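Participant: This one is model.cif, mmCIF, all heavy atoms.
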data_work
loop_
_atom_site.label_atom_id
_atom_site.label_comp_id
_atom_site.auth_asym_id
_atom_site.auth_seq_id
_atom_site.Cartn_x
_atom_site.Cartn_y
_atom_site.Cartn_z
N MET P 1 126.95 24.14 -7.78
CA MET P 1 128.28 24.58 -8.08
C MET P 1 128.37 26.07 -7.80
O MET P 1 127.43 26.81 -8.02
CB MET P 1 128.63 24.29 -9.53
CG MET P 1 129.97 24.79 -9.91
SD MET P 1 130.44 24.24 -11.53
CE MET P 1 132.12 24.73 -11.47
N ILE P 2 129.53 26.48 -7.30
CA ILE P 2 129.80 27.89 -7.03
C ILE P 2 130.98 28.30 -7.90
O ILE P 2 132.00 27.61 -7.93
CB ILE P 2 130.17 28.10 -5.55
CG1 ILE P 2 129.05 27.58 -4.63
CG2 ILE P 2 130.47 29.56 -5.27
CD1 ILE P 2 129.45 27.49 -3.17
N THR P 3 130.84 29.41 -8.60
CA THR P 3 131.94 29.90 -9.42
C THR P 3 132.09 31.41 -9.23
O THR P 3 131.11 32.11 -8.97
CB THR P 3 131.75 29.56 -10.91
OG1 THR P 3 132.91 29.96 -11.64
CG2 THR P 3 130.53 30.22 -11.50
N GLY P 4 133.30 31.88 -9.34
CA GLY P 4 133.55 33.31 -9.17
C GLY P 4 133.77 33.70 -7.72
O GLY P 4 133.80 32.86 -6.82
N THR P 5 133.91 34.98 -7.48
CA THR P 5 134.16 35.52 -6.15
C THR P 5 132.86 35.98 -5.53
O THR P 5 132.08 36.70 -6.15
CB THR P 5 135.12 36.74 -6.26
OG1 THR P 5 136.31 36.32 -6.90
CG2 THR P 5 135.44 37.29 -4.90
N LEU P 6 132.62 35.57 -4.30
CA LEU P 6 131.44 35.98 -3.56
C LEU P 6 131.86 37.10 -2.61
O LEU P 6 132.61 36.85 -1.67
CB LEU P 6 130.84 34.81 -2.80
CG LEU P 6 130.48 33.58 -3.64
CD1 LEU P 6 130.03 32.44 -2.76
CD2 LEU P 6 129.42 33.93 -4.67
N PRO P 7 131.40 38.32 -2.84
CA PRO P 7 131.92 39.47 -2.08
C PRO P 7 131.57 39.46 -0.59
O PRO P 7 132.29 40.05 0.20
CB PRO P 7 131.30 40.68 -2.78
CG PRO P 7 130.14 40.17 -3.53
CD PRO P 7 130.44 38.73 -3.86
N THR P 8 130.50 38.79 -0.20
CA THR P 8 130.09 38.85 1.20
C THR P 8 130.22 37.53 1.94
O THR P 8 129.91 37.45 3.13
CB THR P 8 128.62 39.32 1.32
OG1 THR P 8 127.78 38.40 0.62
CG2 THR P 8 128.46 40.72 0.74
N LEU P 9 130.66 36.46 1.25
CA LEU P 9 130.77 35.14 1.88
C LEU P 9 132.08 34.47 1.48
O LEU P 9 132.53 34.61 0.35
CB LEU P 9 129.65 34.22 1.41
CG LEU P 9 128.25 34.37 1.95
CD1 LEU P 9 127.31 33.41 1.24
CD2 LEU P 9 128.22 34.11 3.43
N LYS P 10 132.62 33.71 2.40
CA LYS P 10 133.71 32.80 2.04
C LYS P 10 133.05 31.64 1.30
O LYS P 10 131.89 31.29 1.55
CB LYS P 10 134.40 32.25 3.29
CG LYS P 10 135.16 33.29 4.07
CD LYS P 10 135.80 32.64 5.27
CE LYS P 10 136.47 33.66 6.15
NZ LYS P 10 137.01 33.04 7.37
N ARG P 11 133.78 31.03 0.39
CA ARG P 11 133.24 29.91 -0.37
C ARG P 11 132.78 28.78 0.56
O ARG P 11 131.73 28.17 0.34
CB ARG P 11 134.30 29.40 -1.35
CG ARG P 11 133.79 28.35 -2.31
CD ARG P 11 134.84 28.01 -3.34
NE ARG P 11 135.18 29.17 -4.13
CZ ARG P 11 134.60 29.48 -5.29
NH1 ARG P 11 133.68 28.70 -5.79
NH2 ARG P 11 134.96 30.56 -5.95
N SER P 12 133.55 28.52 1.61
CA SER P 12 133.17 27.45 2.55
C SER P 12 131.86 27.78 3.26
O SER P 12 131.05 26.89 3.53
CB SER P 12 134.29 27.20 3.55
OG SER P 12 134.56 28.37 4.30
N ASP P 13 131.63 29.06 3.58
CA ASP P 13 130.38 29.47 4.22
C ASP P 13 129.20 29.31 3.26
O ASP P 13 128.12 28.87 3.66
CB ASP P 13 130.46 30.91 4.70
CG ASP P 13 131.44 31.09 5.86
OD1 ASP P 13 131.74 30.08 6.54
OD2 ASP P 13 131.90 32.22 6.07
N ALA P 14 129.40 29.66 2.00
CA ALA P 14 128.34 29.49 0.99
C ALA P 14 128.01 28.01 0.83
O ALA P 14 126.84 27.63 0.76
CB ALA P 14 128.77 30.09 -0.34
N LYS P 15 129.04 27.19 0.80
CA LYS P 15 128.84 25.74 0.67
C LYS P 15 128.04 25.21 1.87
O LYS P 15 127.11 24.42 1.70
CB LYS P 15 130.19 25.03 0.58
CG LYS P 15 130.10 23.55 0.40
CD LYS P 15 131.48 22.93 0.24
CE LYS P 15 131.39 21.42 0.12
NZ LYS P 15 132.70 20.80 -0.05
N ASP P 16 128.38 25.66 3.07
CA ASP P 16 127.66 25.24 4.28
C ASP P 16 126.19 25.65 4.21
O ASP P 16 125.31 24.86 4.57
CB ASP P 16 128.30 25.83 5.53
CG ASP P 16 129.64 25.20 5.88
OD1 ASP P 16 129.95 24.10 5.36
OD2 ASP P 16 130.38 25.82 6.67
N LEU P 17 125.92 26.88 3.77
CA LEU P 17 124.53 27.34 3.65
C LEU P 17 123.73 26.47 2.69
O LEU P 17 122.58 26.12 2.95
CB LEU P 17 124.49 28.80 3.19
CG LEU P 17 124.91 29.84 4.22
CD1 LEU P 17 125.06 31.21 3.54
CD2 LEU P 17 123.89 29.91 5.34
N ILE P 18 124.34 26.15 1.56
CA ILE P 18 123.67 25.32 0.55
C ILE P 18 123.39 23.93 1.11
O ILE P 18 122.27 23.40 0.99
CB ILE P 18 124.53 25.24 -0.73
CG1 ILE P 18 124.57 26.61 -1.40
CG2 ILE P 18 123.99 24.17 -1.68
CD1 ILE P 18 125.63 26.74 -2.49
N GLN P 19 124.39 23.34 1.75
CA GLN P 19 124.22 21.99 2.30
C GLN P 19 123.21 21.97 3.45
O GLN P 19 122.42 21.03 3.55
CB GLN P 19 125.57 21.43 2.75
CG GLN P 19 126.48 21.14 1.58
CD GLN P 19 127.88 20.73 1.99
OE1 GLN P 19 128.36 21.12 3.06
NE2 GLN P 19 128.54 19.96 1.15
N ASN P 20 123.21 23.00 4.28
CA ASN P 20 122.24 23.07 5.39
C ASN P 20 120.81 23.22 4.89
O ASN P 20 119.87 22.86 5.60
CB ASN P 20 122.60 24.21 6.34
CG ASN P 20 123.84 23.92 7.15
OD1 ASN P 20 124.25 22.78 7.29
ND2 ASN P 20 124.47 24.96 7.65
N ALA P 21 120.65 23.72 3.67
CA ALA P 21 119.32 23.86 3.07
C ALA P 21 118.94 22.61 2.26
O ALA P 21 117.92 22.60 1.59
CB ALA P 21 119.27 25.10 2.17
N GLY P 22 119.79 21.59 2.31
CA GLY P 22 119.48 20.33 1.63
C GLY P 22 120.09 20.20 0.24
O GLY P 22 119.82 19.24 -0.46
N GLY P 23 120.92 21.16 -0.16
CA GLY P 23 121.54 21.12 -1.48
C GLY P 23 122.86 20.38 -1.47
O GLY P 23 123.39 20.02 -0.42
N LYS P 24 123.37 20.14 -2.65
CA LYS P 24 124.66 19.48 -2.83
C LYS P 24 125.53 20.38 -3.70
O LYS P 24 125.09 20.83 -4.76
CB LYS P 24 124.45 18.13 -3.51
CG LYS P 24 125.72 17.35 -3.75
CD LYS P 24 125.41 16.01 -4.40
CE LYS P 24 126.70 15.27 -4.71
NZ LYS P 24 126.43 14.00 -5.40
N VAL P 25 126.74 20.63 -3.26
CA VAL P 25 127.68 21.46 -4.02
C VAL P 25 128.62 20.53 -4.77
O VAL P 25 129.25 19.66 -4.17
CB VAL P 25 128.47 22.40 -3.08
CG1 VAL P 25 129.46 23.23 -3.87
CG2 VAL P 25 127.52 23.30 -2.32
N THR P 26 128.71 20.72 -6.08
CA THR P 26 129.57 19.88 -6.90
C THR P 26 130.71 20.71 -7.48
O THR P 26 130.72 21.93 -7.39
CB THR P 26 128.78 19.24 -8.06
OG1 THR P 26 128.25 20.28 -8.88
CG2 THR P 26 127.65 18.38 -7.54
N SER P 27 131.67 20.02 -8.09
CA SER P 27 132.83 20.72 -8.66
C SER P 27 132.71 20.92 -10.17
O SER P 27 133.60 21.51 -10.78
CB SER P 27 134.11 19.95 -8.34
OG SER P 27 134.03 18.65 -8.89
N ALA P 28 131.63 20.42 -10.76
CA ALA P 28 131.45 20.56 -12.21
C ALA P 28 129.97 20.63 -12.55
O ALA P 28 129.13 20.09 -11.84
CB ALA P 28 132.09 19.37 -12.94
N VAL P 29 129.66 21.31 -13.64
CA VAL P 29 128.29 21.38 -14.14
C VAL P 29 127.97 20.08 -14.87
O VAL P 29 128.79 19.56 -15.62
CB VAL P 29 128.12 22.59 -15.09
CG1 VAL P 29 126.74 22.60 -15.72
CG2 VAL P 29 128.40 23.89 -14.36
N SER P 30 126.77 19.55 -14.64
CA SER P 30 126.34 18.34 -15.34
C SER P 30 124.86 18.46 -15.66
O SER P 30 124.22 19.45 -15.32
CB SER P 30 126.59 17.10 -14.47
OG SER P 30 125.64 17.03 -13.42
N ALA P 31 124.32 17.44 -16.28
CA ALA P 31 122.89 17.43 -16.60
C ALA P 31 122.04 17.44 -15.33
O ALA P 31 120.88 17.82 -15.36
CB ALA P 31 122.56 16.20 -17.43
N LYS P 32 122.62 17.05 -14.19
CA LYS P 32 121.90 17.02 -12.92
C LYS P 32 121.96 18.36 -12.18
O LYS P 32 121.35 18.51 -11.14
CB LYS P 32 122.46 15.92 -12.03
CG LYS P 32 122.24 14.52 -12.56
CD LYS P 32 122.79 13.51 -11.61
CE LYS P 32 122.55 12.09 -12.11
NZ LYS P 32 123.06 11.10 -11.16
N THR P 33 122.71 19.33 -12.69
CA THR P 33 122.84 20.63 -12.04
C THR P 33 121.54 21.41 -12.18
O THR P 33 121.05 21.62 -13.28
CB THR P 33 124.01 21.43 -12.65
OG1 THR P 33 125.22 20.68 -12.51
CG2 THR P 33 124.17 22.78 -11.97
N ASP P 34 121.00 21.83 -11.04
CA ASP P 34 119.78 22.64 -11.04
C ASP P 34 120.09 24.12 -10.88
O ASP P 34 119.41 24.97 -11.44
CB ASP P 34 118.84 22.21 -9.91
CG ASP P 34 118.22 20.85 -10.17
OD1 ASP P 34 117.85 20.57 -11.33
OD2 ASP P 34 118.10 20.06 -9.21
N TYR P 35 121.10 24.44 -10.07
CA TYR P 35 121.43 25.83 -9.78
C TYR P 35 122.93 26.04 -9.87
O TYR P 35 123.72 25.18 -9.50
CB TYR P 35 120.98 26.23 -8.37
CG TYR P 35 119.49 26.12 -8.18
CD1 TYR P 35 118.93 25.02 -7.56
CD2 TYR P 35 118.64 27.13 -8.62
CE1 TYR P 35 117.56 24.91 -7.40
CE2 TYR P 35 117.28 27.04 -8.46
CZ TYR P 35 116.74 25.92 -7.84
OH TYR P 35 115.39 25.82 -7.68
N LEU P 36 123.30 27.22 -10.35
CA LEU P 36 124.69 27.62 -10.44
C LEU P 36 124.82 28.97 -9.76
O LEU P 36 124.16 29.93 -10.16
CB LEU P 36 125.12 27.72 -11.91
CG LEU P 36 126.52 28.21 -12.22
CD1 LEU P 36 127.56 27.27 -11.64
CD2 LEU P 36 126.71 28.33 -13.72
N VAL P 37 125.62 29.04 -8.70
CA VAL P 37 125.85 30.30 -8.00
C VAL P 37 127.01 30.99 -8.70
O VAL P 37 128.13 30.46 -8.75
CB VAL P 37 126.18 30.06 -6.51
CG1 VAL P 37 126.49 31.37 -5.81
CG2 VAL P 37 125.03 29.33 -5.83
N VAL P 38 126.75 32.16 -9.28
CA VAL P 38 127.74 32.88 -10.07
C VAL P 38 128.12 34.16 -9.35
O VAL P 38 127.30 35.06 -9.19
CB VAL P 38 127.21 33.20 -11.48
CG1 VAL P 38 128.25 33.94 -12.29
CG2 VAL P 38 126.78 31.93 -12.18
N GLY P 39 129.38 34.24 -8.95
CA GLY P 39 129.90 35.45 -8.33
C GLY P 39 130.63 36.29 -9.35
O GLY P 39 130.59 36.03 -10.56
N GLU P 40 131.32 37.31 -8.86
CA GLU P 40 132.11 38.18 -9.72
C GLU P 40 133.28 37.41 -10.33
O GLU P 40 133.80 36.48 -9.71
CB GLU P 40 132.64 39.37 -8.91
CG GLU P 40 131.55 40.26 -8.37
CD GLU P 40 132.09 41.35 -7.48
OE1 GLU P 40 133.32 41.50 -7.35
OE2 GLU P 40 131.27 42.08 -6.89
N ASP P 41 133.68 37.78 -11.53
CA ASP P 41 134.82 37.16 -12.23
C ASP P 41 134.65 35.64 -12.40
O ASP P 41 135.61 34.89 -12.24
CB ASP P 41 136.14 37.46 -11.52
CG ASP P 41 136.42 38.95 -11.43
OD1 ASP P 41 136.11 39.66 -12.41
OD2 ASP P 41 136.92 39.40 -10.39
N ALA P 42 133.44 35.22 -12.72
CA ALA P 42 133.18 33.79 -12.94
C ALA P 42 133.87 33.31 -14.20
O ALA P 42 134.06 34.08 -15.15
CB ALA P 42 131.68 33.55 -13.05
N GLY P 43 134.24 32.05 -14.21
CA GLY P 43 134.89 31.47 -15.38
C GLY P 43 133.96 31.42 -16.58
O GLY P 43 132.84 30.91 -16.48
N CYS P 44 134.39 31.95 -17.69
CA CYS P 44 133.56 32.02 -18.91
C CYS P 44 133.18 30.65 -19.43
O CYS P 44 132.08 30.44 -19.91
CB CYS P 44 134.27 32.80 -20.01
SG CYS P 44 134.46 34.54 -19.63
N ASP P 45 134.09 29.67 -19.37
CA ASP P 45 133.81 28.35 -19.91
C ASP P 45 132.65 27.67 -19.18
O ASP P 45 131.86 26.96 -19.78
CB ASP P 45 135.05 27.45 -19.87
CG ASP P 45 135.65 27.32 -18.48
OD1 ASP P 45 135.52 28.24 -17.67
OD2 ASP P 45 136.27 26.27 -18.23
N ILE P 46 132.48 27.94 -17.90
CA ILE P 46 131.37 27.35 -17.14
C ILE P 46 130.04 27.95 -17.61
O ILE P 46 129.05 27.25 -17.76
CB ILE P 46 131.56 27.61 -15.64
CG1 ILE P 46 132.73 26.78 -15.14
CG2 ILE P 46 130.30 27.28 -14.85
CD1 ILE P 46 133.15 27.09 -13.72
N LEU P 47 130.02 29.23 -17.89
CA LEU P 47 128.78 29.90 -18.28
C LEU P 47 128.35 29.54 -19.69
O LEU P 47 127.19 29.73 -20.04
CB LEU P 47 128.95 31.42 -18.16
CG LEU P 47 129.28 31.91 -16.75
CD1 LEU P 47 129.48 33.41 -16.76
CD2 LEU P 47 128.20 31.53 -15.76
N LEU P 48 129.23 29.00 -20.49
CA LEU P 48 128.90 28.65 -21.87
C LEU P 48 128.32 27.25 -22.01
O LEU P 48 127.88 26.87 -23.07
CB LEU P 48 130.15 28.79 -22.75
CG LEU P 48 130.70 30.20 -22.86
CD1 LEU P 48 132.00 30.20 -23.66
CD2 LEU P 48 129.70 31.14 -23.50
N HIS P 49 128.30 26.47 -20.94
CA HIS P 49 127.78 25.10 -21.02
C HIS P 49 126.30 25.08 -21.13
O HIS P 49 125.48 25.67 -20.75
CB HIS P 49 128.24 24.28 -19.80
CG HIS P 49 129.62 23.76 -19.96
ND1 HIS P 49 130.72 24.58 -19.86
CD2 HIS P 49 130.10 22.54 -20.21
CE1 HIS P 49 131.82 23.87 -20.03
NE2 HIS P 49 131.45 22.62 -20.25
#
Write the structure described by the file as structure tokens, please.

Facilitator:
Amino acid sequence: MITGTLPTLKRSDAKDLIQNAGGKVTSAVSAKTDYLVVGEDAGCDILLH
């Protein structure tokens, strides 16, 4: 999952990089989430899970 603003990448470019490395980008945090990409101004509710 990607949250917040990424100053050097478009969100679609970050998603492509993750997928090209074998990762999966999801729209929500779950028990299966291994990594969370946190940019500037990330949503507080996501970080509290």

Participant: From the options P:Met1, P:Ala42, P:Leu9, P:Leu17, which residue's atoms come nearest to Val29 in chain P, counting all atoms listed in the file?

Facilitator: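 The shortest atom-to-atom distance to Val29 in chain P comes from P:Met1.
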
Participant: DSSP on the backbone: what in chain P comes out helix (DSSP H, G or I), as a compact mmCIF listing (two decimals) with all heavy atoms, in the frame of the given file?

Facilitator:
# COMPACT_ATOMS: atom_id res chain seq x y z
N ARG P 11 133.78 31.03 0.39
CA ARG P 11 133.24 29.91 -0.37
C ARG P 11 132.78 28.78 0.56
O ARG P 11 131.73 28.17 0.34
CB ARG P 11 134.30 29.40 -1.35
CG ARG P 11 133.79 28.35 -2.31
CD ARG P 11 134.84 28.01 -3.34
NE ARG P 11 135.18 29.17 -4.13
CZ ARG P 11 134.60 29.48 -5.29
NH1 ARG P 11 133.68 28.70 -5.79
NH2 ARG P 11 134.96 30.56 -5.95
N SER P 12 133.55 28.52 1.61
CA SER P 12 133.17 27.45 2.55
C SER P 12 131.86 27.78 3.26
O SER P 12 131.05 26.89 3.53
CB SER P 12 134.29 27.20 3.55
OG SER P 12 134.56 28.37 4.30
N ASP P 13 131.63 29.06 3.58
CA ASP P 13 130.38 29.47 4.22
C ASP P 13 129.20 29.31 3.26
O ASP P 13 128.12 28.87 3.66
CB ASP P 13 130.46 30.91 4.70
CG ASP P 13 131.44 31.09 5.86
OD1 ASP P 13 131.74 30.08 6.54
OD2 ASP P 13 131.90 32.22 6.07
N ALA P 14 129.40 29.66 2.00
CA ALA P 14 128.34 29.49 0.99
C ALA P 14 128.01 28.01 0.83
O ALA P 14 126.84 27.63 0.76
CB ALA P 14 128.77 30.09 -0.34
N LYS P 15 129.04 27.19 0.80
CA LYS P 15 128.84 25.74 0.67
C LYS P 15 128.04 25.21 1.87
O LYS P 15 127.11 24.42 1.70
CB LYS P 15 130.19 25.03 0.58
CG LYS P 15 130.10 23.55 0.40
CD LYS P 15 131.48 22.93 0.24
CE LYS P 15 131.39 21.42 0.12
NZ LYS P 15 132.70 20.80 -0.05
N ASP P 16 128.38 25.66 3.07
CA ASP P 16 127.66 25.24 4.28
C ASP P 16 126.19 25.65 4.21
O ASP P 16 125.31 24.86 4.57
CB ASP P 16 128.30 25.83 5.53
CG ASP P 16 129.64 25.20 5.88
OD1 ASP P 16 129.95 24.10 5.36
OD2 ASP P 16 130.38 25.82 6.67
N LEU P 17 125.92 26.88 3.77
CA LEU P 17 124.53 27.34 3.65
C LEU P 17 123.73 26.47 2.69
O LEU P 17 122.58 26.12 2.95
CB LEU P 17 124.49 28.80 3.19
CG LEU P 17 124.91 29.84 4.22
CD1 LEU P 17 125.06 31.21 3.54
CD2 LEU P 17 123.89 29.91 5.34
N ILE P 18 124.34 26.15 1.56
CA ILE P 18 123.67 25.32 0.55
C ILE P 18 123.39 23.93 1.11
O ILE P 18 122.27 23.40 0.99
CB ILE P 18 124.53 25.24 -0.73
CG1 ILE P 18 124.57 26.61 -1.40
CG2 ILE P 18 123.99 24.17 -1.68
CD1 ILE P 18 125.63 26.74 -2.49
N GLN P 19 124.39 23.34 1.75
CA GLN P 19 124.22 21.99 2.30
C GLN P 19 123.21 21.97 3.45
O GLN P 19 122.42 21.03 3.55
CB GLN P 19 125.57 21.43 2.75
CG GLN P 19 126.48 21.14 1.58
CD GLN P 19 127.88 20.73 1.99
OE1 GLN P 19 128.36 21.12 3.06
NE2 GLN P 19 128.54 19.96 1.15
N ASN P 20 123.21 23.00 4.28
CA ASN P 20 122.24 23.07 5.39
C ASN P 20 120.81 23.22 4.89
O ASN P 20 119.87 22.86 5.60
CB ASN P 20 122.60 24.21 6.34
CG ASN P 20 123.84 23.92 7.15
OD1 ASN P 20 124.25 22.78 7.29
ND2 ASN P 20 124.47 24.96 7.65
N CYS P 44 134.39 31.95 -17.69
CA CYS P 44 133.56 32.02 -18.91
C CYS P 44 133.18 30.65 -19.43
O CYS P 44 132.08 30.44 -19.91
CB CYS P 44 134.27 32.80 -20.01
SG CYS P 44 134.46 34.54 -19.63
N ASP P 45 134.09 29.67 -19.37
CA ASP P 45 133.81 28.35 -19.91
C ASP P 45 132.65 27.67 -19.18
O ASP P 45 131.86 26.96 -19.78
CB ASP P 45 135.05 27.45 -19.87
CG ASP P 45 135.65 27.32 -18.48
OD1 ASP P 45 135.52 28.24 -17.67
OD2 ASP P 45 136.27 26.27 -18.23
N ILE P 46 132.48 27.94 -17.90
CA ILE P 46 131.37 27.35 -17.14
C ILE P 46 130.04 27.95 -17.61
O ILE P 46 129.05 27.25 -17.76
CB ILE P 46 131.56 27.61 -15.64
CG1 ILE P 46 132.73 26.78 -15.14
CG2 ILE P 46 130.30 27.28 -14.85
CD1 ILE P 46 133.15 27.09 -13.72
N LEU P 47 130.02 29.23 -17.89
CA LEU P 47 128.78 29.90 -18.28
C LEU P 47 128.35 29.54 -19.69
O LEU P 47 127.19 29.73 -20.04
CB LEU P 47 128.95 31.42 -18.16
CG LEU P 47 129.28 31.91 -16.75
CD1 LEU P 47 129.48 33.41 -16.76
CD2 LEU P 47 128.20 31.53 -15.76

Participant: Among chain P, which residues does DSSP mark as strand (DSSP E) when it is run on the backbone? Keep the chain and numbering as in the structure and answer as a ChimeraX atom specification.

Facilitator: /P:2-3,37-38

Participant: Could you give me, as a ChimeraX atom specification, the residues within 6 Å of range 20-25 of chain P, counting all atoms listed in the file and dropping anything in the same chain fewer than 4 positions from it?

Facilitator: /P:1-2,14-16

Participant: Quote the spacing between CB of Glu40 in chain P and CA of Thr5 in chain P in Å to one decimal place.

Facilitator: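 One can read the CB of Glu40 in chain P to CA of Thr5 in chain P distance as 5.0 Å.
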
Participant: In Å to one decimal, how far is CA of Ser12 in chain P from CA of Ala28 in chain P?

Facilitator: 16.4 Å

Participant: When you draw a straight line from CD1 of Leu6 in chain P to atom C of Asp34 in chain P, how long is it in Å?

Facilitator: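 Between CD1 of Leu6 in chain P and atom C of Asp34 in chain P the gap works out to 15.3 Å.
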
Participant: Quick one: which residues end up in the PyMOL selection byres ((chain P and resi 38) around 4) for this structure, as a list in words?

Facilitator: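 Checked against the file, the PyMOL selection byres ((chain P and resi 38) around 4) matches Thr3, Leu36, Val37, Gly39, Ala42 and Leu47 of chain P.
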
Participant: Write out the residues from the selection above, keeping all heavy atoms, as a PDB file, keeping the file's coordinate frame.

Facilitator:
ATOM      1  N   THR P   3     130.840  29.410  -8.600  1.00  0.00           N
ATOM      2  CA  THR P   3     131.940  29.900  -9.420  1.00  0.00           C
ATOM      3  C   THR P   3     132.090  31.410  -9.230  1.00  0.00           C
ATOM      4  O   THR P   3     131.110  32.110  -8.970  1.00  0.00           O
ATOM      5  CB  THR P   3     131.750  29.560 -10.910  1.00  0.00           C
ATOM      6  OG1 THR P   3     132.910  29.960 -11.640  1.00  0.00           O
ATOM      7  CG2 THR P   3     130.530  30.220 -11.500  1.00  0.00           C
ATOM      8  N   LEU P  36     123.300  27.220 -10.350  1.00  0.00           N
ATOM      9  CA  LEU P  36     124.690  27.620 -10.440  1.00  0.00           C
ATOM     10  C   LEU P  36     124.820  28.970  -9.760  1.00  0.00           C
ATOM     11  O   LEU P  36     124.160  29.930 -10.160  1.00  0.00           O
ATOM     12  CB  LEU P  36     125.120  27.720 -11.910  1.00  0.00           C
ATOM     13  CG  LEU P  36     126.520  28.210 -12.220  1.00  0.00           C
ATOM     14  CD1 LEU P  36     127.560  27.270 -11.640  1.00  0.00           C
ATOM     15  CD2 LEU P  36     126.710  28.330 -13.720  1.00  0.00           C
ATOM     16  N   VAL P  37     125.620  29.040  -8.700  1.00  0.00           N
ATOM     17  CA  VAL P  37     125.850  30.300  -8.000  1.00  0.00           C
ATOM     18  C   VAL P  37     127.010  30.990  -8.700  1.00  0.00           C
ATOM     19  O   VAL P  37     128.130  30.460  -8.750  1.00  0.00           O
ATOM     20  CB  VAL P  37     126.180  30.060  -6.510  1.00  0.00           C
ATOM     21  CG1 VAL P  37     126.490  31.370  -5.810  1.00  0.00           C
ATOM     22  CG2 VAL P  37     125.030  29.330  -5.830  1.00  0.00           C
ATOM     23  N   GLY P  39     129.380  34.240  -8.950  1.00  0.00           N
ATOM     24  CA  GLY P  39     129.900  35.450  -8.330  1.00  0.00           C
ATOM     25  C   GLY P  39     130.630  36.290  -9.350  1.00  0.00           C
ATOM     26  O   GLY P  39     130.590  36.030 -10.560  1.00  0.00           O
ATOM     27  N   ALA P  42     133.440  35.220 -12.720  1.00  0.00           N
ATOM     28  CA  ALA P  42     133.180  33.790 -12.940  1.00  0.00           C
ATOM     29  C   ALA P  42     133.870  33.310 -14.200  1.00  0.00           C
ATOM     30  O   ALA P  42     134.060  34.080 -15.150  1.00  0.00           O
ATOM     31  CB  ALA P  42     131.680  33.550 -13.050  1.00  0.00           C
ATOM     32  N   LEU P  47     130.020  29.230 -17.890  1.00  0.00           N
ATOM     33  CA  LEU P  47     128.780  29.900 -18.280  1.00  0.00           C
ATOM     34  C   LEU P  47     128.350  29.540 -19.690  1.00  0.00           C
ATOM     35  O   LEU P  47     127.190  29.730 -20.040  1.00  0.00           O
ATOM     36  CB  LEU P  47     128.950  31.420 -18.160  1.00  0.00           C
ATOM     37  CG  LEU P  47     129.280  31.910 -16.750  1.00  0.00           C
ATOM     38  CD1 LEU P  47     129.480  33.410 -16.760  1.00  0.00           C
ATOM     39  CD2 LEU P  47     128.200  31.530 -15.760  1.00  0.00           C
TER      40      LEU P  47
END

Participant: Which centre and which edge lengths, in Å to one decimal, describe the axis-aligned box that holds all listed atoms of range 29-33 of chain P after 5 Å is added on each side, as lines of an AutoDock Vina configuration file?

Facilitator:
center_x = 125.3
center_y = 17.5
center_z = -14.3
size_x = 18.8
size_y = 22.8
size_z = 16.3
